[in-house]
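Trainee: Supplied structure: final21.cif, mmCIF, C-alpha atoms.
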data_my_file
#
loop_
_atom_site.label_atom_id
_atom_site.label_comp_id
_atom_site.auth_asym_id
_atom_site.auth_seq_id
_atom_site.Cartn_x
_atom_site.Cartn_y
_atom_site.Cartn_z
CA SER F 26 183.19 393.04 -119.94
CA GLY F 27 181.68 395.33 -117.36
CA TRP F 28 182.16 398.23 -114.96
CA SER F 29 182.54 398.90 -111.26
CA ASN F 30 183.27 401.54 -108.65
CA SER F 31 184.77 401.39 -105.16
CA LEU F 32 181.33 401.52 -103.50
CA GLY F 33 180.36 398.02 -104.59
CA ASN F 34 178.30 399.00 -107.63
CA GLY F 35 178.91 397.42 -111.00
CA ASN F 36 177.92 394.97 -113.68
CA ILE F 37 179.66 392.06 -115.37
CA SER F 38 178.46 390.30 -118.51
CA LEU F 39 180.05 387.56 -120.62
CA THR F 40 178.83 386.27 -123.98
CA VAL F 41 180.24 383.41 -126.06
CA THR F 42 179.02 382.65 -129.57
CA GLY F 43 179.69 379.25 -131.09
CA GLY F 44 181.55 379.13 -134.38
CA THR F 45 179.68 376.11 -135.73
CA PRO F 46 176.28 376.94 -137.30
CA PRO F 47 173.74 378.03 -136.21
CA GLY F 48 176.06 380.19 -134.07
CA ALA F 49 174.12 380.10 -130.81
CA SER F 50 175.15 382.41 -127.95
CA SER F 51 175.37 381.96 -124.19
CA THR F 52 175.52 384.77 -121.59
CA ALA F 53 176.48 384.92 -117.90
CA SER F 54 176.08 388.15 -115.93
CA GLY F 55 175.97 389.58 -112.42
CA SER F 56 175.84 392.92 -110.62
CA GLY F 57 177.91 394.55 -107.88
CA VAL F 58 181.31 393.08 -107.02
CA ALA F 59 180.78 390.13 -109.30
CA SER F 60 182.38 387.27 -111.17
CA ALA F 61 181.20 385.17 -114.10
CA ALA F 62 182.43 382.25 -116.18
CA ILE F 63 181.44 380.37 -119.34
CA PRO F 64 181.34 377.47 -118.88
CA ALA F 65 180.40 377.77 -115.20
CA ALA F 66 183.40 377.27 -112.90
CA ALA F 67 184.13 376.99 -109.19
CA GLY F 68 184.95 380.33 -107.60
CA TYR F 69 182.77 382.33 -110.00
CA ALA F 70 179.38 383.51 -108.76
CA HIS F 71 177.61 383.43 -112.11
CA GLY F 72 177.94 380.96 -114.95
CA ALA F 73 176.43 379.45 -118.05
CA ALA F 74 177.11 376.49 -120.30
CA LEU F 75 178.92 376.87 -123.59
CA PRO F 76 176.42 377.45 -126.40
CA ALA F 77 175.60 374.91 -129.07
CA GLY F 78 178.28 374.90 -131.74
CA ALA F 79 181.08 376.12 -129.45
CA ASN F 80 184.39 374.34 -129.18
CA ALA F 81 184.78 372.42 -125.91
CA GLY F 82 188.08 374.21 -125.24
CA SER F 83 186.65 377.73 -125.42
CA PHE F 84 186.10 379.61 -122.14
CA ALA F 85 185.81 383.08 -120.62
CA LYS F 86 186.26 384.09 -116.97
CA VAL F 87 186.11 387.51 -115.32
CA LYS F 88 186.20 388.90 -111.79
CA GLY F 89 185.58 392.60 -111.17
CA GLY F 90 185.07 395.07 -108.35
CA LEU F 91 187.14 398.25 -108.00
CA ASN F 92 189.32 398.22 -104.89
CA PHE F 93 192.76 399.42 -103.89
CA ASN F 94 194.41 396.29 -102.54
CA PRO F 95 197.88 395.90 -104.11
CA ALA F 96 197.84 392.20 -103.20
CA SER F 97 194.73 391.41 -105.26
CA PRO F 98 193.64 392.52 -108.76
CA PHE F 99 190.42 394.54 -108.84
CA TRP F 100 189.76 393.28 -112.37
CA SER F 101 190.93 389.96 -113.76
CA THR F 102 190.04 388.22 -117.01
CA THR F 103 191.24 385.13 -118.84
CA ALA F 104 189.71 383.72 -121.99
CA ALA F 105 190.34 381.51 -125.02
CA MET F 106 188.26 381.12 -128.18
CA ASN F 107 188.78 378.25 -130.61
CA ASN F 108 187.76 377.17 -134.11
CA GLY F 109 185.47 380.06 -135.06
CA ASP F 110 184.10 380.91 -131.60
CA THR F 111 183.76 384.56 -130.52
CA GLY F 112 183.80 385.87 -126.97
CA ASP F 113 182.49 388.87 -125.09
CA ASN F 114 182.13 392.46 -126.25
CA PHE F 115 181.07 392.68 -129.88
CA ALA F 116 181.43 396.49 -129.77
CA LEU F 117 185.18 395.95 -130.21
CA LEU F 118 184.86 393.82 -133.36
CA PRO F 119 185.92 396.75 -135.64
CA PHE F 120 189.35 396.66 -133.94
CA VAL F 121 190.15 393.01 -134.66
CA THR F 122 190.85 390.65 -137.55
CA PRO F 123 190.29 386.95 -136.83
CA THR F 124 193.47 385.13 -137.84
CA SER F 125 194.01 382.15 -135.57
CA THR F 126 192.13 378.98 -134.65
CA HIS F 127 193.17 379.57 -131.01
CA CYS F 128 192.91 383.13 -129.63
CA THR F 129 193.69 383.99 -126.00
CA ALA F 130 193.72 387.05 -123.75
CA THR F 131 194.39 387.89 -120.10
CA LEU F 132 194.16 391.05 -118.00
CA ASP F 133 194.98 391.91 -114.38
CA LEU F 134 194.40 395.41 -113.00
CA THR F 135 195.72 396.11 -109.50
CA GLY F 136 195.26 399.39 -107.62
CA THR F 137 197.01 401.13 -104.74
CA MET F 138 195.40 404.13 -103.04
CA LEU F 139 197.87 407.00 -102.72
CA ASN F 140 195.47 409.44 -101.07
CA SER F 141 191.77 410.29 -101.26
CA THR F 142 192.05 411.55 -104.84
CA MET F 143 194.88 409.50 -106.41
CA ALA F 144 195.53 405.83 -107.11
CA SER F 145 198.33 404.01 -108.90
CA ILE F 146 197.34 401.22 -111.26
CA HIS F 147 199.38 398.23 -112.40
CA ASP F 148 198.00 396.98 -115.72
CA ALA F 149 199.25 393.56 -116.93
CA TYR F 150 197.88 392.08 -120.15
CA SER F 151 198.38 389.60 -122.97
CA LEU F 152 196.67 389.33 -126.37
CA SER F 153 197.75 386.41 -128.52
CA ASP F 154 196.98 387.74 -132.01
CA GLU F 155 195.10 390.25 -134.19
CA GLY F 156 191.79 388.63 -133.23
CA ALA F 157 191.88 390.01 -129.67
CA ALA F 158 191.39 393.53 -128.30
CA GLN F 159 190.90 395.25 -124.94
CA ARG F 160 189.64 398.69 -123.95
CA ILE F 161 190.05 399.98 -120.39
CA THR F 162 188.41 403.30 -119.52
CA TYR F 163 188.39 405.34 -116.30
CA TYR F 164 185.73 407.95 -115.55
CA ALA F 165 184.88 410.41 -112.81
CA TYR F 166 181.12 410.36 -112.23
CA MET F 167 179.51 412.74 -109.76
CA GLY F 168 176.02 411.25 -109.91
CA THR F 169 174.42 408.56 -107.76
CA VAL F 170 173.90 404.92 -108.73
CA PRO F 171 170.24 403.96 -108.14
CA LEU F 172 169.66 401.15 -105.65
CA GLY F 173 169.80 397.80 -107.45
CA TYR F 174 170.96 399.30 -110.76
CA ASP F 175 172.17 396.57 -113.11
CA GLY F 176 172.77 398.27 -116.45
CA PRO F 177 175.47 399.97 -118.52
CA LEU F 178 177.39 403.04 -117.39
CA THR F 179 175.74 405.16 -120.05
CA GLY F 180 172.36 404.41 -118.46
CA LEU F 181 173.27 406.00 -115.12
CA PRO F 182 171.32 409.20 -114.26
CA GLY F 183 172.94 412.25 -115.81
CA TRP F 184 175.82 410.24 -117.28
CA ASN F 185 176.27 412.49 -120.31
CA SER F 186 176.53 415.63 -118.17
CA GLN F 187 178.18 414.27 -115.01
CA ALA F 188 180.80 411.80 -116.33
CA ILE F 189 184.32 412.93 -117.24
CA LEU F 190 186.78 410.73 -119.14
CA LEU F 191 190.05 410.38 -117.20
CA ARG F 192 191.95 407.78 -119.20
CA GLN F 193 191.39 405.20 -121.93
CA ASP F 194 193.67 402.47 -123.27
CA VAL F 195 192.85 400.46 -126.41
CA ARG F 196 195.12 397.63 -127.46
CA VAL F 197 195.03 394.97 -130.14
CA GLY F 198 197.05 391.78 -130.33
CA PRO F 199 199.55 390.45 -130.68
CA ASN F 200 200.53 392.42 -127.62
CA SER F 201 201.65 391.57 -124.10
CA GLY F 202 203.30 393.41 -121.25
CA SER F 203 202.48 395.71 -118.35
CA GLN F 204 202.33 399.38 -117.50
CA ASP F 205 201.95 401.54 -114.41
CA TYR F 206 200.02 404.80 -114.31
CA THR F 207 198.32 407.14 -111.88
CA ILE F 208 194.67 408.10 -111.87
CA ASN F 209 194.20 411.60 -110.44
CA MET F 210 190.62 412.68 -109.77
CA ALA F 211 191.76 416.31 -109.95
CA ASP F 212 192.07 415.79 -113.71
CA SER F 213 188.26 415.72 -113.84
CA GLY F 214 188.12 419.43 -113.12
CA MET F 215 185.61 418.75 -110.34
CA PRO F 216 186.95 420.13 -107.01
CA SER F 217 184.96 417.68 -104.88
CA ALA F 218 185.89 414.55 -106.87
CA ASN F 219 187.61 411.77 -104.92
CA LEU F 220 188.20 408.05 -105.45
CA THR F 221 184.61 407.20 -104.49
CA HIS F 222 183.68 408.87 -107.78
CA LEU F 223 186.06 406.70 -109.85
CA TYR F 224 184.52 404.20 -112.26
CA VAL F 225 186.37 401.70 -114.42
CA GLN F 226 184.97 400.02 -117.53
CA VAL F 227 186.66 396.97 -119.04
CA GLU F 228 185.80 395.64 -122.51
CA GLU F 229 187.40 392.71 -124.32
CA VAL F 230 186.78 390.69 -127.45
CA LEU F 231 188.34 387.48 -128.77
CA THR F 232 187.72 386.02 -132.21
CA SER F 233 188.95 382.88 -133.92
CA VAL F 234 188.71 381.20 -137.31
CA PRO F 235 187.54 377.64 -138.04
CA THR F 236 190.16 374.94 -138.34
CA PRO F 237 191.10 374.61 -142.04
CA GLY F 238 189.35 371.66 -143.64
CA ALA F 239 186.98 371.17 -140.70
CA VAL F 240 183.53 369.91 -141.64
CA THR F 241 180.62 370.67 -139.33
CA LEU F 242 178.08 367.96 -138.48
CA SER F 243 175.36 369.75 -140.41
CA GLY F 244 177.62 370.13 -143.42
CA LEU F 245 178.61 366.48 -143.26
CA ALA F 246 174.98 365.40 -143.14
CA GLY F 247 174.20 367.48 -146.23
CA LEU F 248 177.18 366.02 -148.06
CA VAL F 249 176.06 362.46 -147.30
CA ALA F 250 172.51 363.23 -148.48
CA LEU F 251 173.82 364.73 -151.72
CA ARG F 252 175.95 361.67 -152.44
CA ARG F 253 172.99 359.38 -151.83
CA ARG F 254 170.85 361.30 -154.33
CA ARG F 255 173.59 361.07 -156.94
CA ASN F 256 174.06 357.29 -156.48
#
The structure given in the file should be rewritten as C-alpha cells.

Mentor:
Amino acid sequence: SGWSNSLGNGNISLTVTGGTPPGASSTASGSGVASAAIPAAAGYAHGAALPAGANAGSFAKVKGGLNFNPASPFWSTTAAMNNGDTGDNFALLPFVTPTSTHCTATLDLTGTMLNSTMASIHDAYSLSDEGAAQRITYYAYMGTVPLGYDGPLTGLPGWNSQAILLRQDVRVGPNSGSQDYTINMADSGMPSANLTHLYVQVEEVLTSVPTPGAVTLSGLAGLVALRRRRN
C-alpha cells in the first residue's frame, strides 16, 4: 500500500503477519518513487524477511511512482498469502472474509497523459477470492509536500482543506478484469489544478485461513507434553 504523485513524492509500506502463533509481523517501506518486497527480492529497493510463523510461500511485492508512460505501469503489485497469513493494509479487513488457504492478488495501473489536466488510466487487476480487496483513490491536492516527507497522505499540510476526491474504486474478490477511465483535474473545481497536483493512493489486503488439520509446532509440543503427563 502507499501513495505517490508525478513529482517523485510518495510512500510505500508492506506488512505481512504470520498465521502461526504468535503471529509476528514484518514490514518493508520506502519513500519517493519506491519499491518494496517481503521477502526481499532482486529489483526491489526495500525488503524484509518473512516474519516468524509465516508460510514460506507467502510474499508481497509492490512498485509505485505516478508517471504517464503507457509502456510501464506506474503502480504494480503482486502478492500471495498462505495458511493463515495476512498481508498489507489492515484498514481493508472489514471488506474481506478469509475463505482460502491460498489467497492471491495483482494490480497494474498504467497512465497516458492526454494534456496538462487529463490522463487516461488502464487498470488491470485480479483477486482470487473473498479474502482479498483493493482500494484505489485519486485526489487533487493543491498543497506542498514538505522536503523529505515520509508519511500518510492525511498527514500532508492542509490535507483536509486542500485535497479533493476525484475517483475511488473498491473491489473484493473473487474478481478479475480491467477497466479504462479518464482522470480530469477540472473535476476538482480548482481552476489552476493540473496533473502535477494528482495523487494516487493504493491499498490492498490479502487474508488466508490455516490448512485444515494443520498442527503448529507449539501446539504439537503441548500435545506431546500432555500425553506424557497422562502416561

Trainee: Which residue gives the smallest distance to F:Asp205 among F:Asp175, F:Asp154, F:Glu228, F:Asp148, with only C-alpha atoms counted?

Mentor: F:Asp148

Trainee: For the provided coordinates, the residues matched by the PyMOL selection byres ((chain F and resi 69-83) around 10) should be stated as a CSV table (one decimal) with C-alpha atoms, in the frame of the given file.

Mentor:
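And here's result-v7.csv as it stands now:
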chain,number,residue,atom,x,y,z
F,37,ILE,CA,179.7,392.1,-115.4
F,38,SER,CA,178.5,390.3,-118.5
F,39,LEU,CA,180.0,387.6,-120.6
F,40,THR,CA,178.8,386.3,-124.0
F,41,VAL,CA,180.2,383.4,-126.1
F,42,THR,CA,179.0,382.6,-129.6
F,43,GLY,CA,179.7,379.2,-131.1
F,44,GLY,CA,181.6,379.1,-134.4
F,45,THR,CA,179.7,376.1,-135.7
F,46,PRO,CA,176.3,376.9,-137.3
F,47,PRO,CA,173.7,378.0,-136.2
F,48,GLY,CA,176.1,380.2,-134.1
F,49,ALA,CA,174.1,380.1,-130.8
F,50,SER,CA,175.2,382.4,-128.0
F,51,SER,CA,175.4,382.0,-124.2
F,52,THR,CA,175.5,384.8,-121.6
F,53,ALA,CA,176.5,384.9,-117.9
F,54,SER,CA,176.1,388.2,-115.9
F,55,GLY,CA,176.0,389.6,-112.4
F,56,SER,CA,175.8,392.9,-110.6
F,58,VAL,CA,181.3,393.1,-107.0
F,59,ALA,CA,180.8,390.1,-109.3
F,60,SER,CA,182.4,387.3,-111.2
F,61,ALA,CA,181.2,385.2,-114.1
F,62,ALA,CA,182.4,382.2,-116.2
F,63,ILE,CA,181.4,380.4,-119.3
F,64,PRO,CA,181.3,377.5,-118.9
F,65,ALA,CA,180.4,377.8,-115.2
F,66,ALA,CA,183.4,377.3,-112.9
F,67,ALA,CA,184.1,377.0,-109.2
F,68,GLY,CA,185.0,380.3,-107.6
F,84,PHE,CA,186.1,379.6,-122.1
F,85,ALA,CA,185.8,383.1,-120.6
F,86,LYS,CA,186.3,384.1,-117.0
F,87,VAL,CA,186.1,387.5,-115.3
F,88,LYS,CA,186.2,388.9,-111.8
F,104,ALA,CA,189.7,383.7,-122.0
F,105,ALA,CA,190.3,381.5,-125.0
F,106,MET,CA,188.3,381.1,-128.2
F,107,ASN,CA,188.8,378.2,-130.6
F,108,ASN,CA,187.8,377.2,-134.1
F,109,GLY,CA,185.5,380.1,-135.1
F,110,ASP,CA,184.1,380.9,-131.6
F,111,THR,CA,183.8,384.6,-130.5
F,112,GLY,CA,183.8,385.9,-127.0
F,127,HIS,CA,193.2,379.6,-131.0
F,128,CYS,CA,192.9,383.1,-129.6
F,129,THR,CA,193.7,384.0,-126.0
F,235,PRO,CA,187.5,377.6,-138.0
F,241,THR,CA,180.6,370.7,-139.3
F,242,LEU,CA,178.1,368.0,-138.5

Trainee: Compare F:Asn94, F:Ser29, F:Thr102, F:Ser153 by their minimum atom-to-atom distance to F:Ser125, counting all atoms listed in the file, and give me the closest one.

Mentor: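 Answer, going by the shortest atom-to-atom distance: F:Ser153.
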
Trainee: At what distance in Å, to one decimal, does atom CA of F:Pro182 lie from atom CA of F:Thr207?

Mentor: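 Value for the atom CA of F:Thr207-atom CA of F:Pro182 distance: 27.2 Å.
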
Trainee: For the provided coordinates, the residues matched by the PyMOL selection byres ((chain F and resi 174) around 10) should be stated as a list in words.

Mentor: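 What the PyMOL selection byres ((chain F and resi 174) around 10) grabs from the file is Asn34, Gly35, Asn36, Ser56, Gly57, Val170, Pro171, Leu172, Gly173, Asp175, Gly176, Pro177, Leu178, Gly180 and Leu181 of chain F.
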
Trainee: Can you spell out as a PyMOL selection string the set of residues that the PyMOL selection byres ((chain F and resi 99) around 6) selects in the structure I just provided?

Mentor: chain F and resi 89-92+98+100+134-135

Trainee: Provide stretch 39-59 of chain F rebuilt to N, CA, C and O atoms, formatted as a JSON list (two decimals), in the coordinates of the input.

Mentor:
[["chain", "number", "residue", "atom", "x", "y", "z"],
["F", 39, "LEU", "N", 179.25, 388.34, -119.67],
["F", 39, "LEU", "CA", 180.05, 387.56, -120.62],
["F", 39, "LEU", "C", 179.12, 386.96, -121.67],
["F", 39, "LEU", "O", 178.04, 386.49, -121.35],
["F", 40, "THR", "N", 179.57, 386.94, -122.91],
["F", 40, "THR", "CA", 178.83, 386.27, -123.98],
["F", 40, "THR", "C", 179.80, 385.49, -124.85],
["F", 40, "THR", "O", 180.85, 386.01, -125.23],
["F", 41, "VAL", "N", 179.46, 384.25, -125.14],
["F", 41, "VAL", "CA", 180.24, 383.41, -126.06],
["F", 41, "VAL", "C", 179.32, 382.96, -127.17],
["F", 41, "VAL", "O", 178.20, 382.50, -126.92],
["F", 42, "THR", "N", 179.78, 383.09, -128.41],
["F", 42, "THR", "CA", 179.02, 382.65, -129.57],
["F", 42, "THR", "C", 179.76, 381.52, -130.26],
["F", 42, "THR", "O", 180.95, 381.65, -130.57],
["F", 43, "GLY", "N", 179.07, 380.40, -130.46],
["F", 43, "GLY", "CA", 179.69, 379.25, -131.09],
["F", 43, "GLY", "C", 180.01, 379.47, -132.55],
["F", 43, "GLY", "O", 179.24, 380.11, -133.28],
["F", 44, "GLY", "N", 181.13, 378.94, -133.00],
["F", 44, "GLY", "CA", 181.55, 379.13, -134.38],
["F", 44, "GLY", "C", 180.92, 378.17, -135.36],
["F", 44, "GLY", "O", 180.94, 378.38, -136.57],
["F", 45, "THR", "N", 180.34, 377.08, -134.85],
["F", 45, "THR", "CA", 179.68, 376.11, -135.73],
["F", 45, "THR", "C", 178.21, 376.49, -135.88],
["F", 45, "THR", "O", 177.55, 376.75, -134.88],
["F", 46, "PRO", "N", 177.68, 376.57, -137.11],
["F", 46, "PRO", "CA", 176.28, 376.94, -137.30],
["F", 46, "PRO", "C", 175.38, 376.10, -136.41],
["F", 46, "PRO", "O", 175.65, 374.93, -136.19],
["F", 47, "PRO", "N", 174.30, 376.72, -135.85],
["F", 47, "PRO", "CA", 173.74, 378.03, -136.21],
["F", 47, "PRO", "C", 174.32, 379.21, -135.45],
["F", 47, "PRO", "O", 173.76, 380.29, -135.47],
["F", 48, "GLY", "N", 175.43, 379.06, -134.75],
["F", 48, "GLY", "CA", 176.06, 380.19, -134.07],
["F", 48, "GLY", "C", 175.28, 380.67, -132.86],
["F", 48, "GLY", "O", 175.05, 381.86, -132.68],
["F", 49, "ALA", "N", 174.86, 379.75, -132.02],
["F", 49, "ALA", "CA", 174.12, 380.10, -130.81],
["F", 49, "ALA", "C", 175.02, 380.84, -129.83],
["F", 49, "ALA", "O", 176.25, 380.71, -129.87],
["F", 50, "SER", "N", 174.41, 381.64, -128.95],
["F", 50, "SER", "CA", 175.15, 382.41, -127.95],
["F", 50, "SER", "C", 174.73, 382.02, -126.54],
["F", 50, "SER", "O", 173.60, 381.55, -126.32],
["F", 51, "SER", "N", 175.64, 382.21, -125.59],
["F", 51, "SER", "CA", 175.37, 381.96, -124.19],
["F", 51, "SER", "C", 175.90, 383.13, -123.38],
["F", 51, "SER", "O", 176.98, 383.65, -123.68],
["F", 52, "THR", "N", 175.14, 383.59, -122.37],
["F", 52, "THR", "CA", 175.52, 384.77, -121.59],
["F", 52, "THR", "C", 175.47, 384.47, -120.10],
["F", 52, "THR", "O", 174.56, 383.78, -119.63],
["F", 53, "ALA", "N", 176.46, 384.98, -119.36],
["F", 53, "ALA", "CA", 176.48, 384.92, -117.90],
["F", 53, "ALA", "C", 176.71, 386.34, -117.40],
["F", 53, "ALA", "O", 177.59, 387.05, -117.90],
["F", 54, "SER", "N", 175.93, 386.78, -116.40],
["F", 54, "SER", "CA", 176.08, 388.15, -115.93],
["F", 54, "SER", "C", 175.75, 388.25, -114.44],
["F", 54, "SER", "O", 175.10, 387.38, -113.87],
["F", 55, "GLY", "N", 176.23, 389.33, -113.82],
["F", 55, "GLY", "CA", 175.97, 389.58, -112.42],
["F", 55, "GLY", "C", 176.21, 391.04, -112.11],
["F", 55, "GLY", "O", 176.87, 391.75, -112.88],
["F", 56, "SER", "N", 175.69, 391.52, -110.99],
["F", 56, "SER", "CA", 175.84, 392.92, -110.62],
["F", 56, "SER", "C", 176.65, 393.05, -109.34],
["F", 56, "SER", "O", 176.88, 392.07, -108.62],
["F", 57, "GLY", "N", 177.10, 394.28, -109.06],
["F", 57, "GLY", "CA", 177.91, 394.55, -107.88],
["F", 57, "GLY", "C", 179.33, 394.06, -108.06],
["F", 57, "GLY", "O", 179.87, 394.04, -109.16],
["F", 58, "VAL", "N", 179.97, 393.68, -106.96],
["F", 58, "VAL", "CA", 181.31, 393.08, -107.02],
["F", 58, "VAL", "C", 181.09, 391.65, -107.45],
["F", 58, "VAL", "O", 180.72, 390.79, -106.64],
["F", 59, "ALA", "N", 181.28, 391.37, -108.72],
["F", 59, "ALA", "CA", 180.78, 390.13, -109.30],
["F", 59, "ALA", "C", 181.88, 389.35, -110.02],
["F", 59, "ALA", "O", 182.97, 389.84, -110.28]]
